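Raw entry-v6.json, JSON, C-alpha atoms:
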[["chain", "number", "residue", "atom", "x", "y", "z"],
["A", 37, "MET", "CA", 103.31, 104.24, 100.77],
["A", 38, "LYS", "CA", 105.98, 104.96, 98.19],
["A", 39, "THR", "CA", 106.50, 102.74, 95.18],
["A", 40, "SER", "CA", 110.20, 102.34, 95.97],
["A", 41, "GLU", "CA", 109.29, 100.90, 99.38],
["A", 42, "LEU", "CA", 106.86, 98.48, 97.77],
["A", 43, "ARG", "CA", 109.38, 97.31, 95.15],
["A", 44, "GLU", "CA", 111.65, 96.04, 97.93],
["A", 45, "LYS", "CA", 108.99, 93.66, 99.23],
["A", 46, "SER", "CA", 108.54, 90.06, 98.14],
["A", 47, "VAL", "CA", 105.43, 88.72, 96.41],
["A", 48, "GLU", "CA", 104.20, 87.17, 99.65],
["A", 49, "GLU", "CA", 104.62, 90.43, 101.55],
["A", 50, "LEU", "CA", 102.82, 92.33, 98.80],
["A", 51, "ALA", "CA", 99.94, 89.85, 98.85],
["A", 52, "THR", "CA", 99.62, 90.23, 102.63],
["A", 53, "LEU", "CA", 99.76, 94.01, 102.36],
["A", 54, "LEU", "CA", 97.12, 93.91, 99.62],
["A", 55, "ASP", "CA", 94.76, 91.99, 101.89],
["A", 56, "GLU", "CA", 95.29, 94.53, 104.66],
["A", 57, "LYS", "CA", 94.71, 97.49, 102.34],
["A", 58, "GLN", "CA", 91.54, 95.93, 100.90],
["A", 59, "LEU", "CA", 90.21, 95.46, 104.42],
["A", 60, "ASP", "CA", 91.10, 99.09, 105.17],
["A", 61, "ALA", "CA", 89.26, 100.14, 102.00],
["A", 62, "PHE", "CA", 86.16, 98.33, 103.20],
["A", 63, "ARG", "CA", 86.36, 100.01, 106.61],
["A", 64, "LEU", "CA", 86.85, 103.42, 105.01],
["A", 65, "ARG", "CA", 83.86, 102.91, 102.70],
["A", 66, "MET", "CA", 81.67, 101.91, 105.63],
["A", 67, "ALA", "CA", 82.84, 104.88, 107.70],
["A", 68, "LYS", "CA", 82.16, 107.21, 104.78],
["A", 69, "ALA", "CA", 78.70, 105.76, 104.21],
["A", 70, "THR", "CA", 77.76, 106.20, 107.87],
["A", 71, "GLY", "CA", 79.20, 109.72, 108.02],
["A", 72, "GLN", "CA", 81.95, 108.84, 110.49],
["A", 73, "LEU", "CA", 84.87, 109.49, 108.15],
["A", 74, "GLY", "CA", 86.46, 112.87, 108.72],
["A", 75, "ASN", "CA", 89.32, 112.65, 106.24],
["A", 76, "THR", "CA", 87.70, 111.63, 102.98],
["A", 77, "HIS", "CA", 91.01, 111.86, 101.13],
["A", 78, "GLU", "CA", 92.05, 108.61, 102.80],
["A", 79, "VAL", "CA", 89.69, 106.68, 100.52],
["A", 80, "LYS", "CA", 91.46, 107.94, 97.38],
["A", 81, "ALA", "CA", 94.93, 107.40, 98.85],
["A", 82, "ASN", "CA", 94.04, 103.84, 99.85],
["A", 83, "ARG", "CA", 92.66, 103.10, 96.38],
["A", 84, "ARG", "CA", 95.87, 104.33, 94.78],
["A", 85, "THR", "CA", 98.00, 102.23, 97.14],
["A", 86, "ILE", "CA", 95.98, 99.14, 96.20],
["A", 87, "ALA", "CA", 96.54, 99.94, 92.52],
["A", 88, "LYS", "CA", 100.31, 100.29, 93.08],
["A", 89, "ILE", "CA", 100.45, 96.95, 94.88],
["A", 90, "LEU", "CA", 98.46, 95.19, 92.15],
["A", 91, "THR", "CA", 100.71, 96.69, 89.47],
["A", 92, "LEU", "CA", 103.86, 95.52, 91.23],
["A", 93, "LEU", "CA", 102.40, 92.05, 91.82],
["A", 94, "ASN", "CA", 101.64, 91.76, 88.10],
["A", 95, "GLU", "CA", 105.13, 92.96, 87.18],
["A", 96, "LYS", "CA", 106.79, 90.49, 89.52],
["A", 97, "GLN", "CA", 104.65, 87.59, 88.33],
["A", 98, "ARG", "CA", 105.45, 88.37, 84.68],
["A", 99, "GLY", "CA", 109.12, 88.77, 85.49],
["A", 100, "ASP", "CA", 109.49, 92.42, 84.48],
["A", 101, "ALA", "CA", 110.94, 93.51, 87.81]]
Would you put the structure from the file into C-alpha coordinates?
Amino acid sequence: MKTSELREKSVEELATLLDEKQLDAFRLRMAKATGQLGNTHEVKANRRTIAKILTLLNEKQRGDA
(Lines of atoms letter the chains of each structure in order from A and count residues from 1; the text may use other names and numbers.)
(Lines give C-alpha, C1' and ligand atoms only; values in the text may rest on other atoms or scores of the structure.)
Protein backbone atom coordinates (compact mmCIF):
# COMPACT_ATOMS: atom_id res chain seq x y z
CA MET A 1 0.00 0.00 0.00
CA LYS A 2 1.37 3.39 -0.97
CA THR A 3 2.11 6.05 1.60
CA SER A 4 -0.01 8.60 -0.26
CA GLU A 5 -3.03 6.29 0.07
CA LEU A 6 -2.38 5.89 3.78
CA ARG A 7 -2.03 9.65 4.37
CA GLU A 8 -5.62 10.16 3.19
CA LYS A 9 -7.01 7.90 5.91
CA SER A 10 -8.13 9.04 9.35
CA VAL A 11 -6.53 7.92 12.60
CA GLU A 12 -9.38 5.47 13.24
CA GLU A 13 -9.03 3.94 9.79
CA LEU A 14 -5.28 3.62 10.24
CA ALA A 15 -5.73 1.94 13.61
CA THR A 16 -8.17 -0.56 12.09
CA LEU A 17 -5.83 -1.21 9.18
CA LEU A 18 -2.94 -1.69 11.61
CA ASP A 19 -4.89 -4.38 13.47
CA GLU A 20 -5.64 -6.16 10.19
CA LYS A 21 -2.01 -6.01 9.04
CA GLN A 22 -0.74 -7.29 12.40
CA LEU A 23 -3.12 -10.24 12.14
CA ASP A 24 -1.88 -10.84 8.59
CA ALA A 25 1.70 -10.74 9.88
CA PHE A 26 0.88 -13.42 12.42
CA ARG A 27 -0.73 -15.61 9.75
CA LEU A 28 2.24 -15.14 7.44
CA ARG A 29 4.71 -16.04 10.21
CA MET A 30 2.75 -19.19 11.02
CA ALA A 31 2.54 -20.18 7.36
CA LYS A 32 6.27 -19.61 6.96
CA ALA A 33 7.07 -21.65 10.06
CA THR A 34 4.98 -24.58 8.84
CA GLY A 35 6.39 -24.39 5.32
CA GLN A 36 3.10 -23.43 3.70
CA LEU A 37 4.15 -19.96 2.56
CA GLY A 38 5.13 -19.86 -1.08
CA ASN A 39 5.81 -16.14 -1.45
CA THR A 40 8.18 -15.31 1.37
CA HIS A 41 8.51 -11.71 0.19
CA GLU A 42 5.03 -11.06 1.57
CA VAL A 43 6.42 -11.14 5.12
CA LYS A 44 8.83 -8.27 4.39
CA ALA A 45 6.21 -6.26 2.50
CA ASN A 46 3.73 -6.66 5.36
CA ARG A 47 6.34 -5.59 7.92
CA ARG A 48 7.09 -2.45 5.92
CA THR A 49 3.39 -1.61 5.60
CA ILE A 50 3.00 -1.91 9.37
CA ALA A 51 5.97 0.44 9.83
CA LYS A 52 4.42 2.98 7.43
CA ILE A 53 1.12 2.87 9.29
CA LEU A 54 2.81 3.30 12.68
CA THR A 55 4.85 6.23 11.36
CA LEU A 56 1.76 7.98 10.02
CA LEU A 57 -0.16 7.35 13.24
CA ASN A 58 2.67 8.94 15.23
CA GLU A 59 2.81 11.91 12.86
CA LYS A 60 -0.93 12.48 13.07
CA GLN A 61 -0.98 12.18 16.86
CA ARG A 62 1.87 14.70 17.18
CA GLY A 63 0.21 17.03 14.72
CA ASP A 64 2.93 17.00 12.06
CA ALA A 65 0.60 15.98 9.25
Point to revise | Close residues, range 79-89 of chain A itself excluded, 10 Å, only C-alpha atoms, min 3 positions apart in chain, as a list in words | key: Met37, Lys38, Thr39, Leu42, Arg43, Val47, Leu50, Ala51, Leu53, Leu54, Asp55, Glu56, Lys57, Gln58, Asp60, Ala61, Phe62, Arg63, Leu64, Arg65, Lys68, Leu73, Asn75, Thr76, Leu92, Leu93, Asn94 and Glu95 of chain A
Exercise for review: Quote the spacing between CA of Glu41 in chain A and CA of Met66 in chain A in Å to one decimal place.
Suggested key: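 Result for CA of Glu41 in chain A versus CA of Met66 in chain A: 28.3 Å, one decimal.
Residue nearest Lys96 in chain A, chosen from A:Glu78, A:Ala69, A:Ser46, A:Ser40 and counting only C-alpha atoms: A:Ser46.
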Give, as AutoDock Vina command-line options, the centre coordinates and the x, y and z edge lengths in Å to one decimal for an axis-aligned box around all listed atoms of range 75-94 of chain A, padded by 6 Å on each side.
--center_x 95.8 --center_y 102.2 --center_z 97.2 --size_x 28.2 --size_y 32.9 --size_z 30.1
